[in-house]
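Just input_33.cif here, mmCIF, C-alpha atoms:
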```cif
data_structure
#
loop_
_atom_site.label_atom_id
_atom_site.label_comp_id
_atom_site.auth_asym_id
_atom_site.auth_seq_id
_atom_site.Cartn_x
_atom_site.Cartn_y
_atom_site.Cartn_z
CA MET T 27 0.00 0.00 0.00
CA THR T 28 1.67 3.15 -1.23
CA LEU T 29 0.49 6.59 -2.26
CA GLY T 30 1.87 5.90 -5.72
CA ASP T 31 -1.13 3.60 -6.28
CA LEU T 32 -3.43 6.64 -6.25
CA THR T 33 -3.86 7.22 -9.99
CA SER T 34 -7.53 8.20 -10.32
CA ARG T 35 -8.36 11.88 -10.64
CA GLU T 36 -12.05 10.97 -10.31
CA ALA T 37 -11.40 9.34 -6.92
CA VAL T 38 -9.81 12.57 -5.70
CA ILE T 39 -12.80 14.60 -6.91
CA GLU T 40 -15.15 12.21 -5.08
CA ALA T 41 -13.14 12.65 -1.87
CA ILE T 42 -13.38 16.43 -2.31
CA ARG T 43 -17.18 16.13 -2.73
CA GLN T 44 -17.48 14.10 0.47
CA CYS T 45 -15.39 16.66 2.36
CA ALA T 46 -17.54 19.51 1.07
CA ASP T 47 -20.69 17.69 2.23
CA VAL T 48 -19.61 17.27 5.86
CA GLY T 49 -17.10 20.12 6.22
CA ARG T 50 -13.30 20.03 6.51
CA GLU T 51 -13.10 19.67 10.28
CA GLN T 52 -15.54 16.76 10.44
CA PHE T 53 -14.03 15.09 7.37
CA VAL T 54 -10.46 14.97 8.72
CA HIS T 55 -11.69 13.82 12.13
CA ASP T 56 -13.86 11.03 10.70
CA HIS T 57 -10.99 9.61 8.68
CA GLY T 58 -8.32 9.82 11.38
CA PHE T 59 -6.34 12.78 10.08
CA GLY T 60 -5.26 16.04 11.68
CA PRO T 61 -5.70 19.49 10.11
CA ALA T 62 -3.23 20.23 7.32
CA ARG T 63 -0.34 22.44 8.42
CA ASP T 64 1.78 22.40 5.30
CA PHE T 65 -0.12 21.74 2.06
CA LEU T 66 -3.68 22.55 0.96
CA LEU T 67 -5.48 21.26 -2.13
CA GLU T 68 -7.16 24.07 -4.08
CA PHE T 69 -10.24 23.08 -6.09
CA GLU T 70 -12.89 25.39 -7.57
CA GLY T 71 -11.96 28.23 -5.26
CA ARG T 72 -12.00 26.23 -2.02
CA TYR T 73 -9.23 24.64 0.01
CA TYR T 74 -8.97 21.10 1.40
CA ASP T 75 -6.55 19.15 3.57
CA SER T 76 -4.24 17.46 1.08
CA LYS T 77 -3.29 14.38 3.16
CA ALA T 78 -6.87 13.60 4.13
CA ILE T 79 -8.11 14.00 0.55
CA ALA T 80 -5.32 11.81 -0.83
CA GLY T 81 -5.82 9.10 1.80
CA VAL T 82 -9.59 8.92 1.34
CA ALA T 83 -9.24 9.05 -2.46
CA TYR T 84 -6.89 6.06 -2.24
CA GLY T 85 -9.64 4.09 -0.45
CA ILE T 86 -12.24 5.19 -3.00
CA GLN T 87 -10.05 3.98 -5.88
CA HIS T 88 -9.16 0.74 -4.02
CA PRO T 89 -12.25 -0.17 -1.93
CA ASP T 90 -10.67 -3.47 -0.92
CA ARG T 91 -7.84 -1.60 0.82
CA SER T 92 -9.77 1.18 2.60
CA THR T 93 -8.43 4.65 3.47
CA LEU T 94 -4.66 5.07 3.43
CA LEU T 95 -3.85 6.57 6.84
CA ALA T 96 -1.25 9.31 7.29
CA ALA T 97 1.13 6.96 9.13
CA LYS T 98 1.45 4.87 5.96
CA PHE T 99 2.09 7.78 3.57
CA ASN T 100 5.36 7.58 1.72
CA GLY T 101 6.80 11.10 1.79
CA GLY T 102 4.31 12.49 4.33
CA ALA T 103 2.47 15.70 3.53
CA ALA T 104 4.97 16.56 0.80
CA GLY T 105 4.39 13.14 -0.78
CA ALA T 106 0.63 13.70 -0.81
CA ALA T 107 1.16 17.11 -2.40
CA ARG T 108 3.38 15.62 -5.12
CA ARG T 109 0.85 12.86 -5.91
CA LEU T 110 -2.05 15.33 -6.17
CA LYS T 111 0.02 17.62 -8.40
CA ALA T 112 0.85 14.64 -10.62
CA LEU T 113 -2.89 14.12 -11.07
CA GLY T 114 -3.29 17.70 -12.27
CA PHE T 115 -4.49 19.37 -9.06
CA THR T 116 -3.25 22.63 -7.59
CA VAL T 117 -1.60 22.40 -4.18
CA VAL T 118 -0.62 25.50 -2.19
CA THR T 119 0.74 26.22 1.28
CA ALA T 120 -0.50 28.50 4.04
CA ALA T 121 2.54 30.74 3.62
CA GLN T 122 1.83 31.09 -0.10
CA LEU T 123 -1.84 31.92 0.51
CA SER T 124 -1.25 34.42 3.29
CA PRO T 125 2.43 35.07 4.08
CA PRO T 126 3.36 36.62 7.44
CA ALA T 127 2.94 40.38 7.58
CA LEU T 128 5.34 42.72 9.35
CA GLY T 129 4.18 42.99 12.97
CA ASP T 130 2.39 39.62 13.12
CA GLU T 131 2.58 38.00 16.57
CA TYR T 132 2.27 34.40 17.78
CA PRO T 133 2.60 33.17 21.39
CA ASN T 134 5.24 30.55 20.54
CA ARG T 135 6.88 28.53 17.79
CA THR T 136 4.17 25.89 17.98
CA ALA T 137 1.58 28.49 16.99
CA ILE T 138 3.76 29.66 14.10
CA GLN T 139 4.15 26.08 12.91
CA ALA T 140 0.37 25.58 13.10
CA ALA T 141 -0.13 28.70 10.97
CA TYR T 142 2.52 28.10 8.30
CA GLY T 143 3.90 24.56 8.71
CA GLY T 144 7.55 23.64 8.59
CA ASN T 145 9.98 23.04 11.42
CA GLY T 146 8.77 24.30 14.80
CA VAL T 147 12.15 24.20 16.56
CA ALA T 148 15.02 25.20 14.26
CA GLY T 149 16.09 28.84 14.43
CA ILE T 150 16.48 29.29 10.66
CA ILE T 151 13.81 27.84 8.35
CA ARG T 152 11.76 28.29 5.21
CA PHE T 153 8.03 27.77 5.40
CA PRO T 154 6.75 25.08 2.99
CA GLY T 155 6.27 26.42 -0.53
CA GLU T 156 8.32 29.56 0.12
CA ALA T 157 11.83 30.67 -0.80
CA VAL T 158 11.98 33.31 1.97
CA VAL T 159 14.26 32.54 4.93
CA ASN T 160 12.96 33.11 8.47
CA ALA T 161 15.38 33.74 11.36
CA PHE T 162 14.02 33.30 14.91
CA SER T 163 15.64 34.85 17.99
CA ASP T 164 14.49 34.38 21.58
CA GLU T 165 15.87 36.72 24.26
CA THR T 166 15.81 33.90 26.81
CA GLY T 167 17.03 31.23 24.39
CA PRO T 168 20.44 29.51 24.44
CA TYR T 169 22.02 31.54 21.62
CA ALA T 170 24.06 34.72 22.17
CA ASP T 171 22.06 36.79 19.68
CA GLU T 172 21.96 40.56 19.96
CA PRO T 173 18.47 42.11 20.15
CA PRO T 174 17.27 43.60 16.84
CA ASP T 175 18.25 47.21 16.20
CA ALA T 176 16.28 49.50 13.91
CA VAL T 177 19.36 51.48 12.85
CA ASN T 178 22.61 49.59 13.49
CA PRO T 179 23.82 46.12 12.45
CA PHE T 180 23.34 43.39 15.05
CA GLU T 181 24.65 39.86 15.54
CA TYR T 182 22.69 36.65 14.99
CA ARG T 183 24.18 33.25 15.85
CA GLY T 184 23.85 30.24 13.57
CA ASP T 185 21.91 26.99 14.08
CA GLY T 186 23.27 23.96 15.95
CA ARG T 187 23.72 23.43 19.69
CA ARG T 188 26.30 20.60 19.83
CA GLY T 189 29.71 20.35 18.23
CA HIS T 190 31.17 22.77 15.69
CA GLN T 191 28.47 24.41 13.61
CA ARG T 192 28.71 23.70 9.89
CA LEU T 193 27.60 25.72 6.90
CA VAL T 194 24.60 23.48 6.21
CA ARG T 195 20.82 23.69 6.52
CA GLY T 196 19.79 26.98 8.17
CA ASN T 197 23.30 28.41 8.25
CA LYS T 198 23.64 27.74 4.54
CA MET T 199 20.26 29.42 3.92
CA LEU T 200 21.41 32.60 5.67
CA ASP T 201 24.69 32.63 3.79
CA GLN T 202 22.87 32.18 0.46
CA ALA T 203 20.64 35.12 1.41
CA ARG T 204 23.79 37.18 2.01
CA ARG T 205 25.31 36.38 -1.36
CA GLY T 206 22.00 36.76 -3.23
CA HIS T 207 20.94 40.01 -1.50
CA GLU T 208 17.75 38.26 -0.35
CA ALA T 209 15.73 39.70 2.53
CA VAL T 210 15.17 37.58 5.66
CA ARG T 211 12.15 37.72 7.96
CA PHE T 212 13.48 38.41 11.45
CA TRP T 213 11.28 37.11 14.30
CA TYR T 214 12.05 38.10 17.88
CA ARG T 215 10.61 37.18 21.28
CA PRO T 216 11.49 39.43 24.24
CA ALA T 217 11.48 37.74 27.64
CA GLY T 218 7.93 36.80 28.67
CA GLU T 219 6.35 38.05 25.44
CA ALA T 220 5.25 36.65 22.07
CA PHE T 221 7.22 35.99 18.89
CA ARG T 222 6.83 38.91 16.51
CA PHE T 223 7.92 39.46 12.91
CA VAL T 224 9.80 42.64 13.81
CA THR T 225 11.68 43.52 10.63
CA TRP T 226 12.97 42.47 7.27
CA ALA T 227 16.74 42.04 7.51
CA ALA T 228 19.72 41.90 5.16
CA VAL T 229 22.59 39.53 5.94
CA LEU T 230 25.75 41.64 5.72
CA ASP T 231 28.54 39.26 6.64
CA ARG T 232 29.52 36.18 8.62
CA ALA T 233 32.37 35.00 10.81
CA GLN T 234 33.22 32.08 13.08
CA VAL T 235 33.46 32.55 16.84
CA TRP T 236 34.15 30.32 19.83
CA ALA T 237 31.32 29.53 22.24
CA LEU T 238 30.06 26.82 24.60
CA ASP T 239 27.59 24.22 23.34
CA ASP T 240 24.85 22.52 25.35
CA ASP T 241 27.43 20.12 26.79
CA THR T 242 29.62 23.10 27.89
CA GLN T 243 32.22 22.10 25.30
CA VAL T 244 34.06 24.82 23.40
CA ARG T 245 32.97 24.82 19.78
CA LEU T 246 32.79 27.10 16.72
CA GLU T 247 29.58 28.96 16.00
CA TYR T 248 28.62 31.01 12.97
CA SER T 249 28.04 34.66 13.73
CA PHE T 250 26.00 36.51 11.12
CA LEU T 251 25.91 40.29 10.96
CA VAL T 252 22.42 41.43 9.95
CA MET T 253 20.75 44.80 9.54
CA ALA T 254 17.13 45.96 9.44
CA ILE T 255 15.83 47.03 6.02
CA PRO T 256 12.54 48.70 5.10
CA ASP T 257 11.46 46.30 2.36
CA PRO T 258 12.37 42.89 0.87
CA ASP T 259 13.09 44.51 -2.53
CA PRO T 260 16.88 45.18 -2.64
CA THR T 261 16.38 48.12 -4.99
CA THR T 262 14.83 49.97 -2.02
CA TRP T 263 17.62 49.18 0.45
CA PRO T 264 19.65 52.13 1.78
CA ARG T 265 23.01 52.67 0.15
CA GLN T 266 24.79 52.04 3.46
CA VAL T 267 23.29 48.52 3.61
CA LEU T 268 24.34 47.61 0.09
CA ASP T 269 27.82 48.98 0.70
CA ARG T 270 28.28 46.83 3.79
CA ILE T 271 27.15 43.51 2.29
CA ASN T 272 30.11 41.23 1.80
CA ASP T 273 28.85 39.18 -1.15
CA LEU T 274 32.23 37.57 -1.84
CA GLU T 275 33.18 34.00 -1.08
CA ILE T 276 34.29 33.92 2.57
CA ARG T 277 37.12 31.75 3.87
CA ASP T 278 36.33 31.01 7.49
CA ASP T 279 39.19 32.21 9.70
CA PRO T 280 38.09 31.65 13.31
CA LEU T 281 39.11 33.98 16.08
CA PRO T 282 41.73 32.65 18.52
CA PRO T 283 40.18 29.94 20.73
CA PRO T 284 39.55 30.88 24.37
CA THR T 285 41.96 28.13 25.41
CA SER T 286 44.72 26.36 23.51
CA PRO T 287 47.52 23.91 24.43
CA SER T 288 51.00 25.38 24.78
CA ALA T 289 54.26 23.64 23.87
CA ASP T 290 54.47 21.93 27.26
CA GLY T 291 50.90 20.64 26.98
CA ALA T 292 49.42 23.08 29.49
CA VAL T 293 46.19 24.89 28.59
CA LYS T 294 46.69 28.57 27.87
CA ARG T 295 43.85 31.11 27.73
CA ALA T 296 43.79 33.53 24.82
CA THR T 297 44.97 37.00 25.83
CA TYR T 298 44.05 40.50 24.73
CA LYS T 299 47.22 40.55 22.69
CA ASP T 300 46.20 37.31 20.92
CA TYR T 301 42.99 38.97 19.71
CA VAL T 302 44.65 42.25 18.76
CA GLN T 303 47.47 40.43 16.97
CA GLY T 304 45.09 39.45 14.19
CA LEU T 305 44.55 43.15 13.49
CA ALA T 306 48.20 44.18 13.63
CA ASP T 307 48.98 43.63 9.95
CA LEU T 308 46.05 45.76 8.75
CA THR T 309 46.77 49.24 7.42
CA VAL T 310 44.93 52.25 8.83
CA ASP T 311 42.77 52.37 5.70
CA ASP T 312 41.81 48.71 6.05
CA GLN T 313 40.79 49.20 9.67
CA GLN T 314 38.29 51.81 8.66
CA HIS T 315 34.98 50.91 7.09
CA PRO T 316 35.45 49.97 3.41
CA SER T 317 34.40 52.55 0.86
CA PRO T 318 31.57 51.85 -1.64
CA THR T 319 34.17 51.07 -4.31
CA LYS T 320 36.30 48.77 -2.14
CA LYS T 321 35.13 45.34 -1.07
CA ALA T 322 36.94 43.98 1.99
CA ARG T 323 37.01 40.19 2.36
CA ASN T 324 35.00 39.30 5.43
CA HIS T 325 35.13 42.70 7.11
CA TYR T 326 32.96 41.24 9.85
CA GLN T 327 35.74 38.82 10.83
CA ARG T 328 37.97 41.83 11.52
CA ASN T 329 35.12 43.58 13.35
CA ARG T 330 34.51 40.49 15.52
CA LYS T 331 38.17 40.30 16.54
CA ALA T 332 38.07 43.93 17.59
CA ARG T 333 34.77 43.56 19.45
CA ASP T 334 35.79 40.40 21.31
CA ALA T 335 39.13 41.94 22.24
CA VAL T 336 37.31 44.88 23.86
CA LEU T 337 34.98 42.55 25.81
CA LEU T 338 37.97 40.54 27.04
CA ARG T 339 39.70 43.76 28.09
CA ALA T 340 36.56 45.00 29.91
CA ALA T 341 36.38 41.86 32.11
CA ASN T 342 32.62 42.24 32.67
CA LYS T 343 32.83 45.90 33.75
CA CYS T 344 31.77 49.14 32.06
CA GLU T 345 34.95 50.82 30.77
CA ASN T 346 33.62 54.34 31.40
CA ASP T 347 35.38 55.39 34.61
CA ARG T 348 32.53 57.84 35.21
CA CYS T 349 29.86 55.11 35.11
CA THR T 350 27.13 55.61 37.72
CA GLY T 351 26.07 51.96 37.87
CA MET T 352 25.72 48.89 35.69
CA PRO T 353 22.55 46.75 35.43
CA SER T 354 22.29 44.13 38.16
CA ASP T 355 20.96 41.61 35.63
CA THR T 356 23.18 39.59 33.27
CA THR T 357 22.94 38.09 29.81
CA ALA T 358 21.70 34.51 29.32
CA ASP T 359 25.26 33.16 29.63
CA GLY T 360 25.88 35.03 32.90
CA SER T 361 28.15 37.75 31.53
CA ALA T 362 27.66 41.46 32.16
CA ILE T 363 25.35 43.44 29.90
CA LEU T 364 27.83 45.47 27.87
CA GLU T 365 27.65 47.12 24.45
CA VAL T 366 30.82 47.63 22.42
CA ASP T 367 30.85 51.12 20.92
CA HIS T 368 33.07 52.75 18.30
CA VAL T 369 33.93 56.02 20.05
CA ASP T 370 34.03 57.66 16.62
CA ASP T 371 31.48 56.19 14.21
CA LEU T 372 32.79 53.99 11.41
CA ALA T 373 30.75 56.03 8.95
CA LEU T 374 32.71 59.11 10.03
CA GLY T 375 36.09 57.43 9.65
CA GLY T 376 36.47 55.92 13.11
CA PRO T 377 38.86 52.94 13.28
CA ASP T 378 37.55 49.41 13.64
CA HIS T 379 40.25 48.73 16.23
CA PRO T 380 40.17 48.22 20.03
CA SER T 381 42.16 51.41 20.58
CA GLY T 382 39.13 53.34 19.32
CA MET T 383 36.43 51.15 20.85
CA ILE T 384 35.03 50.85 24.35
CA ALA T 385 32.67 48.55 26.27
CA LEU T 386 29.80 50.47 27.89
CA CYS T 387 26.84 49.52 30.02
CA PRO T 388 23.45 50.42 28.47
CA ASN T 389 23.18 53.62 30.57
CA CYS T 390 26.59 54.95 29.53
CA HIS T 391 26.00 53.96 25.92
CA ALA T 392 22.71 55.88 25.88
CA ALA T 393 24.38 58.92 27.47
CA LYS T 394 27.18 58.80 24.88
CA THR T 395 24.67 58.50 22.03
CA ARG T 396 21.80 60.75 23.12
CA GLY T 397 22.86 62.60 26.26
CA ARG T 398 23.02 66.39 26.55
CA ARG T 399 26.74 66.18 27.32
CA ARG T 400 27.48 63.50 24.70
CA ALA T 401 30.18 65.58 22.96
CA THR T 402 32.13 65.98 26.20
CA LEU T 403 31.69 62.30 27.05
CA THR T 404 32.84 61.25 23.57
CA ARG T 405 36.05 63.25 23.93
CA HIS T 406 36.70 61.66 27.33
CA LEU T 407 36.01 58.13 26.05
CA ARG T 408 38.30 58.65 23.06
CA VAL T 409 41.24 59.20 25.41
CA ARG T 410 40.00 56.50 27.80
CA ALA T 411 39.78 53.81 25.08
CA ALA T 412 43.31 54.49 23.86
CA ALA T 413 44.65 54.33 27.43
CA LEU T 414 42.82 51.08 28.22
CA HIS T 415 44.14 49.53 25.01
CA GLN T 416 47.75 50.38 25.84
CA ARG T 417 47.37 49.31 29.46
CA ALA T 418 45.96 45.90 28.41
CA LEU T 419 48.82 45.39 25.96
CA ASP T 420 51.39 46.31 28.61
CA ARG T 421 49.87 43.82 31.06
CA THR T 422 49.95 41.06 28.43
CA ILE T 423 53.56 41.74 27.48
CA SER T 424 54.76 41.91 31.07
#
```
In structure tokens, write the structure found in this file.
Amino acid sequence: MTLGDLTSREAVIEAIRQCADVGREQFVHDHGFGPARDFLLEFEGRYYDSKAIAGVAYGIQHPDRSTLLAAKFNGGAAGAARRLKALGFTVVTAAQLSPPALGDEYPNRTAIQAAYGGNGVAGIIRFPGEAVVNAFSDETGPYADEPPDAVNPFEYRGDGRRGHQRLVRGNKMLDQARRGHEAVRFWYRPAGEAFRFVTWAAVLDRAQVWALDDDTQVRLEYSFLVMAIPDPDPTTWPRQVLDRINDLEIRDDPLPPPTSPSADGAVKRATYKDYVQGLADLTVDDQQHPSPTKKARNHYQRNRKARDAVLLRAANKCENDRCTGMPSDTTADGSAILEVDHVDDLALGGPDHPSGMIALCPNCHAAKTRGRRRATLTRHLRVRAAALHQRALDRTIS
């Protein structure tokens, strides 16, 4: 008994007639099926559950075999869709009929799966029948994602919780979106709230970083740099977004691991100098943001080295010596809530180097960005960042 034995278009039409007589809900219940989540059969302007129709039609064509239950389908819902298409019927998906709209909310991933089908767990997926990539981020989840930002680029970690992440499945989807300038739906759930389609996003770049997996083993994760965009059509994207997309082939050059064996076999933790060393051979021009006519290979890799060096230097403390108090809460991994800031904006020629960057708590960052005395604070932090950089190097060398 296989779905391939369903060859009668008339049997399918009879199953559709029976469904129309009793209603979809009663029809799927009577024949032991659940509501369709992935594929719907379209016929004469109405929609039917593809698996239930195919299974019942099988029994109509082969009365000696009865209804073919979902558990015995070869290929599942997708197999039923393929068989119905082969018989000349139109099959669509929920996402094709009514794709998510910006601002749509669902209480959890289960509700999103019920609405559009597909995988209800993975962080990066496509809904059945769609080419659009969806990226899900949960503030209280296990990944070290940055919260979405309406103006500035933010970091999104790749899929996979054990072992080194590979450029497959969801991670490959995001990287293909980067190279193809394809918009991604970005879904976000703040702590205690619902998942919301908050923005369309462009994937600017990717790098590899070291992190702990679910077994607390050090492994490589993919770190994607993404940025909010107003529309999925790339011809409407701001020039600054298009300029920052690294659409070249990227060779993955991981940052220094947090620990590595030394010559005598002892485990040595990576130092501030180890992180900065990867930036030492860059010219001043290369450290600045690339111009529209100059494509830098994996600029984000360089940016990540600089950012992680600053966080290592900060040692879980705000680097503003005039800070009035950091948040008592921490991030999901227990580290301090800190935001790495370029004292002088990259767009204005500021260097993408730890000597011109500083780790600030949210209060100090807001004061530096929007405060009445922000110009004075910026001047102070410019000197402070350079001094902290030199001091950290001196400590490492000594």
Residues near Arg232 of chain T, anyone? I mean within 6 Å using all atoms listed in the file, not counting same-chain ones fewer than 3 positions away, as a ChimeraX atom specification. /T:249-251
Output of the PyMOL selection byres ((chain T and resi 74-84) around 9), listed as JSON, numbers by chain: {"T": [29, 31, 32, 33, 34, 35, 36, 37, 38, 39, 40, 41, 42, 45, 46, 50, 53, 54, 57, 58, 59, 60, 61, 62, 63, 64, 65, 66, 67, 68, 69, 72, 73, 85, 86, 87, 88, 89, 91, 92, 93, 94, 95, 96, 99, 102, 103, 104, 105, 106, 107, 109, 110, 117]}
Spatial sel., origin (41.3, 48.3, 27.3), limit 10 Å, only C-alpha atoms, listed as a VMD selection string: chain T and resid 298 335 to 341 345 380 to 385 410 to 419
For the file shown, report as an NGL selection string the outcome of the PyMOL selection byres ((chain T and resi 133-145) around 12) at residue level. :T and (60-66 or 103-104 or 118-126 or 130-132 or 146-156 or 159-164 or 195-196 or 213-223)
As a check of understanding: the span from atom CA of Arg330 of chain T to atom CA of Thr350 of chain T is 27.9 Å
Box for segment 243-261 of chain T: with edges along x, y and z, all listed atoms inside and 4 Å added on each side, what are the centre and edge lengths in Å to one decimal, as lines of an AutoDock Vina configuration file?
```
center_x = 22.8
center_y = 35.4
center_z = 10.2
size_x = 30.6
size_y = 34.6
size_z = 38.3
```
Coordinate excerpt as a PDB file, in the first residue's frame: segment 134-154 of chain T, N, CA and C atoms:
```pdb
ATOM      1  N   ASN T 134       4.067  31.422  20.491  1.00  0.00           N
ATOM      2  CA  ASN T 134       5.243  30.552  20.541  1.00  0.00           C
ATOM      3  C   ASN T 134       5.491  29.954  19.162  1.00  0.00           C
ATOM      4  N   ARG T 135       6.553  29.143  19.070  1.00  0.00           N
ATOM      5  CA  ARG T 135       6.884  28.533  17.790  1.00  0.00           C
ATOM      6  C   ARG T 135       5.842  27.498  17.363  1.00  0.00           C
ATOM      7  N   THR T 136       5.207  26.864  18.318  1.00  0.00           N
ATOM      8  CA  THR T 136       4.166  25.888  17.983  1.00  0.00           C
ATOM      9  C   THR T 136       3.032  26.561  17.226  1.00  0.00           C
ATOM     10  N   ALA T 137       2.659  27.762  17.665  1.00  0.00           N
ATOM     11  CA  ALA T 137       1.580  28.495  16.994  1.00  0.00           C
ATOM     12  C   ALA T 137       2.004  28.924  15.585  1.00  0.00           C
ATOM     13  N   ILE T 138       3.266  29.282  15.424  1.00  0.00           N
ATOM     14  CA  ILE T 138       3.764  29.664  14.099  1.00  0.00           C
ATOM     15  C   ILE T 138       3.760  28.450  13.178  1.00  0.00           C
ATOM     16  N   GLN T 139       4.164  27.297  13.716  1.00  0.00           N
ATOM     17  CA  GLN T 139       4.153  26.081  12.914  1.00  0.00           C
ATOM     18  C   GLN T 139       2.726  25.708  12.507  1.00  0.00           C
ATOM     19  N   ALA T 140       1.770  25.883  13.424  1.00  0.00           N
ATOM     20  CA  ALA T 140       0.372  25.580  13.098  1.00  0.00           C
ATOM     21  C   ALA T 140      -0.152  26.493  12.002  1.00  0.00           C
ATOM     22  N   ALA T 141       0.351  27.735  11.968  1.00  0.00           N
ATOM     23  CA  ALA T 141      -0.130  28.696  10.973  1.00  0.00           C
ATOM     24  C   ALA T 141       0.511  28.501   9.605  1.00  0.00           C
ATOM     25  N   TYR T 142       1.797  28.119   9.577  1.00  0.00           N
ATOM     26  CA  TYR T 142       2.522  28.096   8.299  1.00  0.00           C
ATOM     27  C   TYR T 142       3.211  26.774   7.983  1.00  0.00           C
ATOM     28  N   GLY T 143       3.230  25.826   8.938  1.00  0.00           N
ATOM     29  CA  GLY T 143       3.896  24.560   8.705  1.00  0.00           C
ATOM     30  C   GLY T 143       5.387  24.659   8.906  1.00  0.00           C
ATOM     31  N   GLY T 144       6.095  23.635   8.477  1.00  0.00           N
ATOM     32  CA  GLY T 144       7.548  23.637   8.585  1.00  0.00           C
ATOM     33  C   GLY T 144       8.040  23.215   9.953  1.00  0.00           C
ATOM     34  N   ASN T 145       9.327  23.437  10.186  1.00  0.00           N
ATOM     35  CA  ASN T 145       9.980  23.040  11.422  1.00  0.00           C
ATOM     36  C   ASN T 145       9.612  24.011  12.549  1.00  0.00           C
ATOM     37  N   GLY T 146       9.189  23.462  13.686  1.00  0.00           N
ATOM     38  CA  GLY T 146       8.767  24.300  14.797  1.00  0.00           C
ATOM     39  C   GLY T 146       9.840  24.524  15.843  1.00  0.00           C
ATOM     40  N   VAL T 147      11.082  24.104  15.570  1.00  0.00           N
ATOM     41  CA  VAL T 147      12.152  24.202  16.559  1.00  0.00           C
ATOM     42  C   VAL T 147      13.368  24.952  16.024  1.00  0.00           C
ATOM     43  N   ALA T 148      13.798  24.622  14.807  1.00  0.00           N
ATOM     44  CA  ALA T 148      15.024  25.203  14.256  1.00  0.00           C
ATOM     45  C   ALA T 148      14.931  26.723  14.194  1.00  0.00           C
ATOM     46  N   GLY T 149      16.072  27.383  14.400  1.00  0.00           N
ATOM     47  CA  GLY T 149      16.091  28.842  14.428  1.00  0.00           C
ATOM     48  C   GLY T 149      16.065  29.486  13.060  1.00  0.00           C
ATOM     49  N   ILE T 150      16.428  28.743  12.016  1.00  0.00           N
ATOM     50  CA  ILE T 150      16.476  29.289  10.660  1.00  0.00           C
ATOM     51  C   ILE T 150      15.741  28.320   9.740  1.00  0.00           C
ATOM     52  N   ILE T 151      14.626  28.749   9.164  1.00  0.00           N
ATOM     53  CA  ILE T 151      13.812  27.841   8.348  1.00  0.00           C
ATOM     54  C   ILE T 151      13.185  28.580   7.169  1.00  0.00           C
ATOM     55  N   ARG T 152      12.689  27.801   6.232  1.00  0.00           N
ATOM     56  CA  ARG T 152      11.762  28.290   5.212  1.00  0.00           C
ATOM     57  C   ARG T 152      10.415  27.634   5.458  1.00  0.00           C
ATOM     58  N   PHE T 153       9.341  28.374   5.315  1.00  0.00           N
ATOM     59  CA  PHE T 153       8.026  27.770   5.402  1.00  0.00           C
ATOM     60  C   PHE T 153       7.767  26.986   4.116  1.00  0.00           C
ATOM     61  N   PRO T 154       7.012  25.875   4.185  1.00  0.00           N
ATOM     62  CA  PRO T 154       6.748  25.076   2.985  1.00  0.00           C
ATOM     63  C   PRO T 154       6.190  25.921   1.843  1.00  0.00           C
TER      64      PRO T 154
END
```
